[in-house]
There are 2 protein chains.
Amino acid sequence: MATPSSARARATVNDVAWAAGVSRQTVSNALKHPERVRPDTLQRVHAEIDRLGYSPSTAASSLRQQRAGAVGMELTGLGAHSLSDALAPFLVSLTIAAPSHECHIVTFGSDRGGPTLERYREMWRSRLVDAFVIMDTHHDDPRPTWLAGHGIPFASFGRVWDEPGFTAWADVDGCAGTQSAVDHLVARGYGAIGFLGWPTGSLVGDERRDGWLAATARHGREDPTLQATSKQDLKESIDAAGPLVDRVGRGGAVVCASDLLALAVHHVLLSRGLTPGRDVGIVGFDGSQSAQAHGLTSVAQPYRAIADELLTQVHDQLTSGQHRPSGVMLTPTLVPRSSSHPDPPPPHHHHQEKS
Amino acid sequence: MATPSSARARATVNDVAWAAGVSRQTVSNALKHPERVRPDTLQRVHAEIDRLGYSPSTAASSLRQQRAGAVGMELTGLGAHSLSDALAPFLVSLTIAAPSHECHIVTFGSDRGGPTLERYREMWRSRLVDAFVIMDTHHDDPRPTWLAGHGIPFASFGRVWDEPGFTAWADVDGCAGTQSAVDHLVARGYGAIGFLGWPTGSLVGDERRDGWLAATARHGREDPTLQATSKQDLKESIDAAGPLVDRVGRGGAVVCASDLLALAVHHVLLSRGLTPGRDVGIVGFDGSQSAQAHGLTSVAQPYRAIADELLTQVHDQLTSGQHRPSGVMLTPTLVPRSSSHPDPPPPHHHHQEKS
């Protein structure tokens, strides 16, 4: 990533070795195998590394490989995107995972909404990144085709719907996720189990609905009328949740395609003086901060595992040009909270989580 | 940022000029002053730039300046941090602002909570960044002293409390923000105006409380008993909001030190069958997505202006070593929504915002 020194001299491993009075190999050991170095020597080498501002390997190895050592991640959608609940925690996981994949994350974006190929093109042309991680792929998404067509390495959080042959992706098994939600609600003793999802045609949403249908059928209580749909918008989903809550009734529960939709059910219950969990169960999807703050049980996405998988896929493309035989589907984990707790809570139901 | 070519040849401006059959100056004009170039020539030059993968200037200029061209931003707190409502939108603004300051943003973080100097040290040593932007500074924050002590350029979103002489910061005038909230609620006809804040000792929180006190005094309705405090935690703040809502009563309103605290008041109203805005007014602080989703009036932070200011301050340090005579205090803007609308709303109060 960094450029080799000319104008401003940068310390080399030789400088450190000389200053610390040790061999190059000892400097290398101090960095990679500290257990092989005597403690006082280790301390002296690190003191010189600090004093000289020596950069162990990045400059040299990136020069050798002619790489930026960076993976680009578009942020345009953060905060305003329909799946923004997932973007922020995923970006944190990707950032924290990056060093163990010998790279770092460069963010980019634009004021314009939606994916803008122009910014991908600029990032690539300016050599700021070697590859991209994309997310929230959808039908007619222009990015996978454009990136693949230009031979630009990338991996996708979410299947690449329009390019079935493209295998550098990791995704969450939404069907397994909503099935686990239904199983959980049945085990907790809830009656009618409804589903609040997105309008048909969103592949992620359809898969999450399929899981609800399959699991309610497996438990012998399928009822396709117990569903409602809404865009990923709190106001619209509150309208959709009201009649659905009427239909499942007290003692029933609602599985939701997202935490935002779950928040709408929560909102409807509160405005009717009902207690989420005790009166009507709720399970959201995404494991967002918002679900945690509101005590909502949620199907949590394994962000760190996805980040590790995608950075491995990118690394494979950069080093060997090899592709995996298939993408990777990861199973999400349900995180139970008070919104799926049917027992009467202690004085303040919001203390329940502490027990 | 990118390294100069040796192993893998990278296209130069000469390659593009030769391939497109134009002069170097025409290539330069095509990039910087396209209006000076004939459309068909422009198209030909861009086609060659694309085909050859020519990178206009980053590699050369970064080599010339011996800079990474990058500013580092710590993400450890995103999602789990007490002020996380601000981190995500600020990061987007910083990312989008970066290109106009001739830099890009590199994120970093660690699994450990709180600021970890070790990661700052690694980022700096590996030459991945030329400077840092830090945020959420607080008393005894180790970062400013460490960065300043190592001569590392940085700018802070938020005053640097422990180093009054340090002037590379931009912050939001919290006192002006809560004053504007009180003025707004008075103008809308609300009666008693309370304050839900953080425990005394948080400087950001104290300033926001001061604005509420000053403005209610100015309107001749100060009442220091109309306040409650809570940590930045939804469960705890719901407990604190209940008695405060009792005290301000119907027709009153609550100014909050954050959108999360405002959400707690919203929660309390809903669970009592009261309508936010109509029965009790609420104003939050931060202008978060969450406030928008719940129809909460909020004092919005001018993230883009802050990002531009901080990147300018960093740029000044990198180019001239000059520091501003003082930090920059920016005035936030109140964004009115239904939670401060006292009139009976049309059938569904959540449609109100559309009008």
# chains A, B, ... in the order shown; residues from 1 in each chain; ligands from 1

call {"tool": "select_by_dssp", "arguments": {"residues": "region 59-272 of chain B", "states": "alpha helix (DSSP H)", "output": "MDAnalysis selection string"}}
result
chainID B and resid 59:65 84:97 117:125 142:149 174:187 203:218 234:248 259:271

call {"tool": "residues_around", "arguments": {"residues": "Leu42 (chain A)", "least_positions_apart": "5", "cutoff": "10 Å", "atoms": "only C-alpha atoms", "output": "compact mmCIF listing (two decimals) with N, CA and C atoms, in the first residue's frame"}}
result
# COMPACT_ATOMS: atom_id res chain seq x y z
N ALA A 20 19.20 -1.84 17.13
CA ALA A 20 18.94 -2.68 18.30
C ALA A 20 20.11 -3.62 18.57
N THR A 26 16.48 -11.77 13.91
CA THR A 26 15.92 -11.50 15.24
C THR A 26 14.78 -10.47 15.15
N VAL A 27 14.98 -9.48 14.30
CA VAL A 27 13.90 -8.50 14.11
C VAL A 27 12.66 -9.21 13.57
N ASN A 29 11.90 -12.36 13.86
CA ASN A 29 11.33 -13.20 14.92
C ASN A 29 10.55 -12.37 15.93
N ALA A 30 11.09 -11.20 16.26
CA ALA A 30 10.41 -10.34 17.24
C ALA A 30 9.01 -10.01 16.76
N LEU A 31 8.86 -9.91 15.43
CA LEU A 31 7.55 -9.55 14.88
C LEU A 31 6.64 -10.75 14.70
N PRO A 34 7.50 -13.92 18.59
CA PRO A 34 8.10 -13.27 19.77
C PRO A 34 8.55 -14.27 20.83
N GLU A 35 7.91 -15.47 20.84
CA GLU A 35 8.28 -16.44 21.88
C GLU A 35 9.70 -16.96 21.69
N ARG A 36 10.26 -16.75 20.49
CA ARG A 36 11.62 -17.23 20.24
C ARG A 36 12.69 -16.22 20.66
N VAL A 37 12.26 -15.05 21.10
CA VAL A 37 13.21 -13.98 21.40
C VAL A 37 13.24 -13.71 22.90
N ALA A 47 11.36 -1.21 20.89
CA ALA A 47 11.64 0.21 21.16
C ALA A 47 12.21 0.86 19.91

call {"tool": "closest_residue", "arguments": {"among": "A:Leu128, A:Val255, A:Leu260, A:Leu75", "to": "Phe90 (chain A)", "atoms": "only C-alpha atoms"}}
result
A:Leu75

call {"tool": "select_by_dssp", "arguments": {"residues": "region 254-298 of chain A", "states": "strand (DSSP E or B)", "output": "NGL selection string"}}
result
:A and (254-256 or 276 or 280-286 or 297-298)

call {"tool": "residues_around", "arguments": {"residues": "region 235-239 of chain B", "least_positions_apart": "4", "cutoff": "8 Å", "atoms": "only C-alpha atoms", "output": "JSON list (two decimals) with all heavy atoms, in the first residue's frame"}}
result
[["chain", "number", "residue", "atom", "x", "y", "z"],
["A", 293, "ALA", "N", -32.17, -3.21, 21.37],
["A", 293, "ALA", "CA", -32.64, -2.10, 22.20],
["A", 293, "ALA", "C", -34.10, -2.28, 22.61],
["A", 293, "ALA", "O", -34.50, -1.88, 23.69],
["A", 293, "ALA", "CB", -32.46, -0.77, 21.46],
["A", 294, "HIS", "N", -34.91, -2.87, 21.73],
["A", 294, "HIS", "CA", -36.33, -3.02, 22.01],
["A", 294, "HIS", "C", -36.69, -4.38, 22.59],
["A", 294, "HIS", "O", -37.87, -4.71, 22.70],
["A", 294, "HIS", "CB", -37.15, -2.78, 20.73],
["A", 294, "HIS", "CG", -37.17, -1.34, 20.32],
["A", 294, "HIS", "ND1", -36.16, -0.78, 19.57],
["A", 294, "HIS", "CD2", -38.05, -0.34, 20.56],
["A", 294, "HIS", "CE1", -36.43, 0.51, 19.37],
["A", 294, "HIS", "NE2", -37.56, 0.79, 19.95],
["A", 350, "HIS", "N", -39.05, -5.00, 30.93],
["A", 350, "HIS", "CA", -37.79, -4.71, 30.25],
["A", 350, "HIS", "C", -36.58, -5.06, 31.10],
["A", 350, "HIS", "O", -35.46, -4.90, 30.66],
["A", 350, "HIS", "CB", -37.74, -3.25, 29.80],
["A", 350, "HIS", "CG", -38.23, -2.31, 30.84],
["A", 350, "HIS", "ND1", -39.55, -1.97, 30.95],
["A", 350, "HIS", "CD2", -37.58, -1.67, 31.81],
["A", 350, "HIS", "CE1", -39.69, -1.14, 31.95],
["A", 350, "HIS", "NE2", -38.52, -0.93, 32.48],
["A", 351, "HIS", "N", -36.79, -5.50, 32.35],
["A", 351, "HIS", "CA", -35.65, -6.00, 33.12],
["A", 351, "HIS", "C", -35.41, -7.49, 32.87],
["A", 351, "HIS", "O", -34.41, -8.02, 33.28],
["A", 351, "HIS", "CB", -35.89, -5.81, 34.62],
["A", 351, "HIS", "CG", -35.77, -4.38, 35.03],
["A", 351, "HIS", "ND1", -34.67, -3.61, 34.71],
["A", 351, "HIS", "CD2", -36.62, -3.57, 35.71],
["A", 351, "HIS", "CE1", -34.84, -2.39, 35.19],
["A", 351, "HIS", "NE2", -36.00, -2.34, 35.79],
["B", 229, "THR", "N", -32.82, 11.81, 34.37],
["B", 229, "THR", "CA", -31.60, 11.38, 33.68],
["B", 229, "THR", "C", -31.57, 9.86, 33.54],
["B", 229, "THR", "O", -32.18, 9.13, 34.32],
["B", 229, "THR", "CB", -30.32, 11.80, 34.45],
["B", 229, "THR", "OG1", -30.35, 11.19, 35.74],
["B", 229, "THR", "CG2", -30.24, 13.31, 34.60],
["B", 230, "SER", "N", -30.85, 9.44, 32.54],
["B", 230, "SER", "CA", -30.67, 8.01, 32.28],
["B", 230, "SER", "C", -29.41, 7.84, 31.46],
["B", 230, "SER", "O", -29.02, 8.73, 30.70],
["B", 230, "SER", "CB", -31.86, 7.45, 31.51],
["B", 230, "SER", "OG", -31.52, 6.22, 30.90],
["B", 231, "LYS", "N", -28.79, 6.69, 31.58],
["B", 231, "LYS", "CA", -27.72, 6.34, 30.66],
["B", 231, "LYS", "C", -28.31, 6.22, 29.25],
["B", 231, "LYS", "O", -29.53, 6.11, 29.08],
["B", 231, "LYS", "CB", -27.12, 4.98, 31.05],
["B", 231, "LYS", "CG", -26.07, 5.05, 32.13],
["B", 231, "LYS", "CD", -25.36, 3.71, 32.28],
["B", 231, "LYS", "CE", -26.36, 2.56, 32.39],
["B", 231, "LYS", "NZ", -25.73, 1.30, 32.77],
["B", 243, "PRO", "N", -41.97, 8.66, 34.96],
["B", 243, "PRO", "CA", -42.32, 9.72, 35.92],
["B", 243, "PRO", "C", -42.20, 11.13, 35.33],
["B", 243, "PRO", "O", -42.97, 12.02, 35.71],
["B", 243, "PRO", "CB", -41.28, 9.51, 37.03],
["B", 243, "PRO", "CG", -40.79, 8.11, 36.88],
["B", 243, "PRO", "CD", -40.88, 7.80, 35.42],
["B", 261, "LEU", "N", -33.08, 8.49, 23.81],
["B", 261, "LEU", "CA", -33.89, 8.92, 24.95],
["B", 261, "LEU", "C", -35.29, 9.33, 24.47],
["B", 261, "LEU", "O", -36.29, 9.08, 25.13],
["B", 261, "LEU", "CB", -33.21, 10.07, 25.70],
["B", 261, "LEU", "CG", -31.84, 9.76, 26.34],
["B", 261, "LEU", "CD1", -31.27, 11.00, 27.03],
["B", 261, "LEU", "CD2", -31.94, 8.61, 27.33],
["B", 264, "ALA", "N", -37.45, 6.45, 24.06],
["B", 264, "ALA", "CA", -37.97, 5.96, 25.35],
["B", 264, "ALA", "C", -39.26, 6.70, 25.72],
["B", 264, "ALA", "O", -40.23, 6.08, 26.17],
["B", 264, "ALA", "CB", -36.92, 6.13, 26.44],
["B", 265, "VAL", "N", -39.28, 8.01, 25.52],
["B", 265, "VAL", "CA", -40.50, 8.79, 25.80],
["B", 265, "VAL", "C", -41.63, 8.32, 24.87],
["B", 265, "VAL", "O", -42.76, 8.11, 25.30],
["B", 265, "VAL", "CB", -40.24, 10.31, 25.62],
["B", 265, "VAL", "CG1", -41.51, 11.10, 25.86],
["B", 265, "VAL", "CG2", -39.12, 10.77, 26.54],
["B", 267, "HIS", "N", -41.96, 5.43, 23.52],
["B", 267, "HIS", "CA", -42.34, 4.10, 24.00],
["B", 267, "HIS", "C", -43.33, 4.22, 25.17],
["B", 267, "HIS", "O", -44.37, 3.55, 25.20],
["B", 267, "HIS", "CB", -41.06, 3.37, 24.44],
["B", 267, "HIS", "CG", -41.24, 1.95, 24.82],
["B", 267, "HIS", "ND1", -40.83, 0.91, 24.03],
["B", 267, "HIS", "CD2", -41.79, 1.39, 25.92],
["B", 267, "HIS", "CE1", -41.12, -0.24, 24.62],
["B", 267, "HIS", "NE2", -41.70, 0.03, 25.78],
["B", 268, "VAL", "N", -43.01, 5.10, 26.12],
["B", 268, "VAL", "CA", -43.87, 5.29, 27.29],
["B", 268, "VAL", "C", -45.25, 5.80, 26.86],
["B", 268, "VAL", "O", -46.29, 5.30, 27.33],
["B", 268, "VAL", "CB", -43.21, 6.27, 28.29],
["B", 268, "VAL", "CG1", -44.22, 6.76, 29.33],
["B", 268, "VAL", "CG2", -42.02, 5.61, 28.97]]

call {"tool": "residues_around", "arguments": {"residues": "Asp259 (chain B)", "least_positions_apart": "6", "cutoff": "12 Å", "atoms": "only C-alpha atoms", "output": "VMD selection string"}}
result
chain B and resid 82 to 86 196 to 197 232 to 234 237 265 to 266 282 to 301 339

call {"tool": "residues_around", "arguments": {"residues": "Glu309 (chain B)", "least_positions_apart": "2", "cutoff": "12 Å", "atoms": "only C-alpha atoms", "output": "VMD selection string"}}
result
chain B and resid 93 to 94 97 to 98 100 to 101 133 155 to 158 167 to 172 302 to 307 311 to 316 324 327 to 330

call {"tool": "atom_distance", "arguments": {"atom1": "CA of Gly109 (chain A)", "atom2": "CA of Arg121 (chain A)"}}
result
11.6 Å

call {"tool": "residues_around", "arguments": {"residues": "region 174-180 of chain B", "least_positions_apart": "2", "cutoff": "6 Å", "atoms": "only C-alpha atoms", "output": "JSON, numbers by chain"}}
result
{"B": [172, 182, 183, 207, 208, 211, 212, 215, 332]}

call {"tool": "write_last_selection", "arguments": {"atoms": "all heavy atoms", "output": "PDB file, in the first residue's frame"}}
result
ATOM      1  N   VAL B 172     -20.719  20.139  17.365  1.00  0.00           N
ATOM      2  CA  VAL B 172     -22.075  20.668  17.244  1.00  0.00           C
ATOM      3  C   VAL B 172     -22.398  21.450  18.505  1.00  0.00           C
ATOM      4  O   VAL B 172     -22.089  21.000  19.611  1.00  0.00           O
ATOM      5  CB  VAL B 172     -23.059  19.502  17.064  1.00  0.00           C
ATOM      6  CG1 VAL B 172     -24.484  19.987  17.183  1.00  0.00           C
ATOM      7  CG2 VAL B 172     -22.826  18.836  15.723  1.00  0.00           C
ATOM      8  N   VAL B 182     -36.602  23.956  22.461  1.00  0.00           N
ATOM      9  CA  VAL B 182     -37.551  24.617  23.365  1.00  0.00           C
ATOM     10  C   VAL B 182     -38.341  25.688  22.609  1.00  0.00           C
ATOM     11  O   VAL B 182     -39.578  25.767  22.721  1.00  0.00           O
ATOM     12  CB  VAL B 182     -36.812  25.225  24.584  1.00  0.00           C
ATOM     13  CG1 VAL B 182     -37.767  26.088  25.416  1.00  0.00           C
ATOM     14  CG2 VAL B 182     -36.205  24.119  25.451  1.00  0.00           C
ATOM     15  N   ASP B 183     -37.642  26.510  21.830  1.00  0.00           N
ATOM     16  CA  ASP B 183     -38.321  27.559  21.052  1.00  0.00           C
ATOM     17  C   ASP B 183     -39.399  26.950  20.152  1.00  0.00           C
ATOM     18  O   ASP B 183     -40.512  27.473  20.041  1.00  0.00           O
ATOM     19  CB  ASP B 183     -37.308  28.325  20.190  1.00  0.00           C
ATOM     20  CG  ASP B 183     -36.322  29.145  21.034  1.00  0.00           C
ATOM     21  OD1 ASP B 183     -36.604  29.364  22.233  1.00  0.00           O
ATOM     22  OD2 ASP B 183     -35.275  29.546  20.488  1.00  0.00           O
ATOM     23  N   GLU B 207     -24.108  20.276  28.308  1.00  0.00           N
ATOM     24  CA  GLU B 207     -24.320  21.399  27.410  1.00  0.00           C
ATOM     25  C   GLU B 207     -25.752  21.383  26.856  1.00  0.00           C
ATOM     26  O   GLU B 207     -26.397  22.416  26.731  1.00  0.00           O
ATOM     27  CB  GLU B 207     -23.304  21.274  26.278  1.00  0.00           C
ATOM     28  CG  GLU B 207     -23.239  22.422  25.355  1.00  0.00           C
ATOM     29  CD  GLU B 207     -22.107  22.219  24.368  1.00  0.00           C
ATOM     30  OE1 GLU B 207     -22.282  21.428  23.419  1.00  0.00           O
ATOM     31  OE2 GLU B 207     -21.056  22.833  24.550  1.00  0.00           O
ATOM     32  N   ARG B 208     -26.227  20.190  26.541  1.00  0.00           N
ATOM     33  CA  ARG B 208     -27.586  20.088  26.002  1.00  0.00           C
ATOM     34  C   ARG B 208     -28.608  20.447  27.084  1.00  0.00           C
ATOM     35  O   ARG B 208     -29.630  21.058  26.813  1.00  0.00           O
ATOM     36  CB  ARG B 208     -27.817  18.681  25.413  1.00  0.00           C
ATOM     37  CG  ARG B 208     -26.936  18.448  24.184  1.00  0.00           C
ATOM     38  CD  ARG B 208     -27.087  17.075  23.535  1.00  0.00           C
ATOM     39  NE  ARG B 208     -26.093  16.941  22.453  1.00  0.00           N
ATOM     40  CZ  ARG B 208     -25.955  15.883  21.663  1.00  0.00           C
ATOM     41  NH1 ARG B 208     -26.745  14.832  21.813  1.00  0.00           N
ATOM     42  NH2 ARG B 208     -25.046  15.860  20.713  1.00  0.00           N
ATOM     43  N   GLY B 211     -28.812  24.267  27.488  1.00  0.00           N
ATOM     44  CA  GLY B 211     -29.632  24.932  26.468  1.00  0.00           C
ATOM     45  C   GLY B 211     -31.103  24.892  26.836  1.00  0.00           C
ATOM     46  O   GLY B 211     -31.841  25.882  26.672  1.00  0.00           O
ATOM     47  N   TRP B 212     -31.541  23.746  27.350  1.00  0.00           N
ATOM     48  CA  TRP B 212     -32.935  23.616  27.787  1.00  0.00           C
ATOM     49  C   TRP B 212     -33.224  24.585  28.941  1.00  0.00           C
ATOM     50  O   TRP B 212     -34.214  25.313  28.923  1.00  0.00           O
ATOM     51  CB  TRP B 212     -33.209  22.173  28.219  1.00  0.00           C
ATOM     52  CG  TRP B 212     -34.442  21.984  29.049  1.00  0.00           C
ATOM     53  CD1 TRP B 212     -35.743  22.014  28.609  1.00  0.00           C
ATOM     54  CD2 TRP B 212     -34.496  21.747  30.463  1.00  0.00           C
ATOM     55  NE1 TRP B 212     -36.610  21.809  29.658  1.00  0.00           N
ATOM     56  CE2 TRP B 212     -35.867  21.642  30.807  1.00  0.00           C
ATOM     57  CE3 TRP B 212     -33.532  21.614  31.453  1.00  0.00           C
ATOM     58  CZ2 TRP B 212     -36.284  21.402  32.117  1.00  0.00           C
ATOM     59  CZ3 TRP B 212     -33.946  21.371  32.764  1.00  0.00           C
ATOM     60  CH2 TRP B 212     -35.305  21.272  33.084  1.00  0.00           C
ATOM     61  N   ALA B 215     -33.239  28.294  27.661  1.00  0.00           N
ATOM     62  CA  ALA B 215     -34.374  28.671  26.818  1.00  0.00           C
ATOM     63  C   ALA B 215     -35.681  28.679  27.611  1.00  0.00           C
ATOM     64  O   ALA B 215     -36.527  29.561  27.408  1.00  0.00           O
ATOM     65  CB  ALA B 215     -34.484  27.730  25.616  1.00  0.00           C
ATOM     66  N   PRO B 332     -26.638  23.018  14.881  1.00  0.00           N
ATOM     67  CA  PRO B 332     -27.502  21.983  14.316  1.00  0.00           C
ATOM     68  C   PRO B 332     -28.861  22.559  13.920  1.00  0.00           C
ATOM     69  O   PRO B 332     -29.206  23.679  14.291  1.00  0.00           O
ATOM     70  CB  PRO B 332     -27.656  20.999  15.473  1.00  0.00           C
ATOM     71  CG  PRO B 332     -27.500  21.835  16.703  1.00  0.00           C
ATOM     72  CD  PRO B 332     -26.558  22.955  16.351  1.00  0.00           C
TER      73      PRO B 332
END

call {"tool": "atom_distance", "arguments": {"atom1": "CA of Thr137 (chain B)", "atom2": "CA of Ile152 (chain B)"}}
result
16.6 Å

call {"tool": "decode", "arguments": {"residues": "region 282-291 of chain A", "atoms": "all heavy atoms", "output": "mmCIF file, in the first residue's frame"}}
result
data_model
loop_
_atom_site.group_PDB
_atom_site.id
_atom_site.type_symbol
_atom_site.label_atom_id
_atom_site.label_comp_id
_atom_site.auth_asym_id
_atom_site.auth_seq_id
_atom_site.Cartn_x
_atom_site.Cartn_y
_atom_site.Cartn_z
ATOM 1 N N ILE A 282 -43.179 -11.969 19.133
ATOM 2 C CA ILE A 282 -42.587 -11.360 17.932
ATOM 3 C C ILE A 282 -41.172 -11.915 17.752
ATOM 4 O O ILE A 282 -40.403 -11.977 18.710
ATOM 5 C CB ILE A 282 -42.436 -9.828 18.052
ATOM 6 C CG1 ILE A 282 -43.708 -9.161 18.581
ATOM 7 C CG2 ILE A 282 -42.018 -9.223 16.712
ATOM 8 C CD1 ILE A 282 -43.515 -7.661 18.884
ATOM 9 N N VAL A 283 -40.855 -12.293 16.502
ATOM 10 C CA VAL A 283 -39.471 -12.624 16.160
ATOM 11 C C VAL A 283 -39.088 -11.839 14.916
ATOM 12 O O VAL A 283 -39.786 -11.896 13.901
ATOM 13 C CB VAL A 283 -39.275 -14.133 15.897
ATOM 14 C CG1 VAL A 283 -37.816 -14.417 15.507
ATOM 15 C CG2 VAL A 283 -39.645 -14.959 17.124
ATOM 16 N N GLY A 284 -38.016 -11.066 15.001
ATOM 17 C CA GLY A 284 -37.512 -10.309 13.860
ATOM 18 C C GLY A 284 -36.393 -11.052 13.156
ATOM 19 O O GLY A 284 -36.120 -12.221 13.443
ATOM 20 N N PHE A 285 -35.743 -10.381 12.218
ATOM 21 C CA PHE A 285 -34.672 -11.000 11.435
ATOM 22 C C PHE A 285 -33.602 -9.957 11.160
ATOM 23 O O PHE A 285 -33.935 -8.873 10.664
ATOM 24 C CB PHE A 285 -35.224 -11.533 10.111
ATOM 25 C CG PHE A 285 -34.423 -12.675 9.515
ATOM 26 C CD1 PHE A 285 -35.006 -13.934 9.359
ATOM 27 C CD2 PHE A 285 -33.111 -12.502 9.113
ATOM 28 C CE1 PHE A 285 -34.281 -14.997 8.813
ATOM 29 C CE2 PHE A 285 -32.386 -13.558 8.574
ATOM 30 C CZ PHE A 285 -32.971 -14.808 8.421
ATOM 31 N N ASP A 286 -32.385 -10.274 11.500
ATOM 32 C CA ASP A 286 -31.164 -9.517 11.205
ATOM 33 C C ASP A 286 -30.265 -9.394 12.427
ATOM 34 O O ASP A 286 -29.063 -9.179 12.276
ATOM 35 C CB ASP A 286 -31.396 -8.097 10.662
ATOM 36 C CG ASP A 286 -31.777 -8.095 9.194
ATOM 37 O OD1 ASP A 286 -31.504 -9.099 8.509
ATOM 38 O OD2 ASP A 286 -32.369 -7.104 8.726
ATOM 39 N N GLY A 287 -30.873 -9.487 13.632
ATOM 40 C CA GLY A 287 -30.044 -9.325 14.833
ATOM 41 C C GLY A 287 -29.486 -7.925 14.967
ATOM 42 O O GLY A 287 -28.338 -7.736 15.351
ATOM 43 N N SER A 288 -30.316 -6.917 14.652
ATOM 44 C CA SER A 288 -29.838 -5.536 14.657
ATOM 45 C C SER A 288 -29.757 -4.960 16.065
ATOM 46 O O SER A 288 -30.314 -5.498 17.016
ATOM 47 C CB SER A 288 -30.782 -4.670 13.826
ATOM 48 O OG SER A 288 -32.037 -4.612 14.471
ATOM 49 N N GLN A 289 -29.071 -3.833 16.173
ATOM 50 C CA GLN A 289 -29.013 -3.074 17.419
ATOM 51 C C GLN A 289 -30.404 -2.651 17.847
ATOM 52 O O GLN A 289 -30.726 -2.601 19.019
ATOM 53 C CB GLN A 289 -28.172 -1.809 17.210
ATOM 54 C CG GLN A 289 -26.690 -2.069 17.180
ATOM 55 C CD GLN A 289 -26.180 -2.478 18.546
ATOM 56 O OE1 GLN A 289 -26.499 -1.841 19.529
ATOM 57 N NE2 GLN A 289 -25.422 -3.543 18.602
ATOM 58 N N SER A 290 -31.207 -2.312 16.865
ATOM 59 C CA SER A 290 -32.559 -1.860 17.134
ATOM 60 C C SER A 290 -33.376 -2.973 17.801
ATOM 61 O O SER A 290 -34.124 -2.733 18.755
ATOM 62 C CB SER A 290 -33.179 -1.424 15.801
ATOM 63 O OG SER A 290 -34.534 -1.203 15.938
ATOM 64 N N ALA A 291 -33.222 -4.213 17.315
ATOM 65 C CA ALA A 291 -33.911 -5.343 17.944
ATOM 66 C C ALA A 291 -33.433 -5.506 19.379
ATOM 67 O O ALA A 291 -34.235 -5.711 20.295
ATOM 68 C CB ALA A 291 -33.660 -6.624 17.144
#
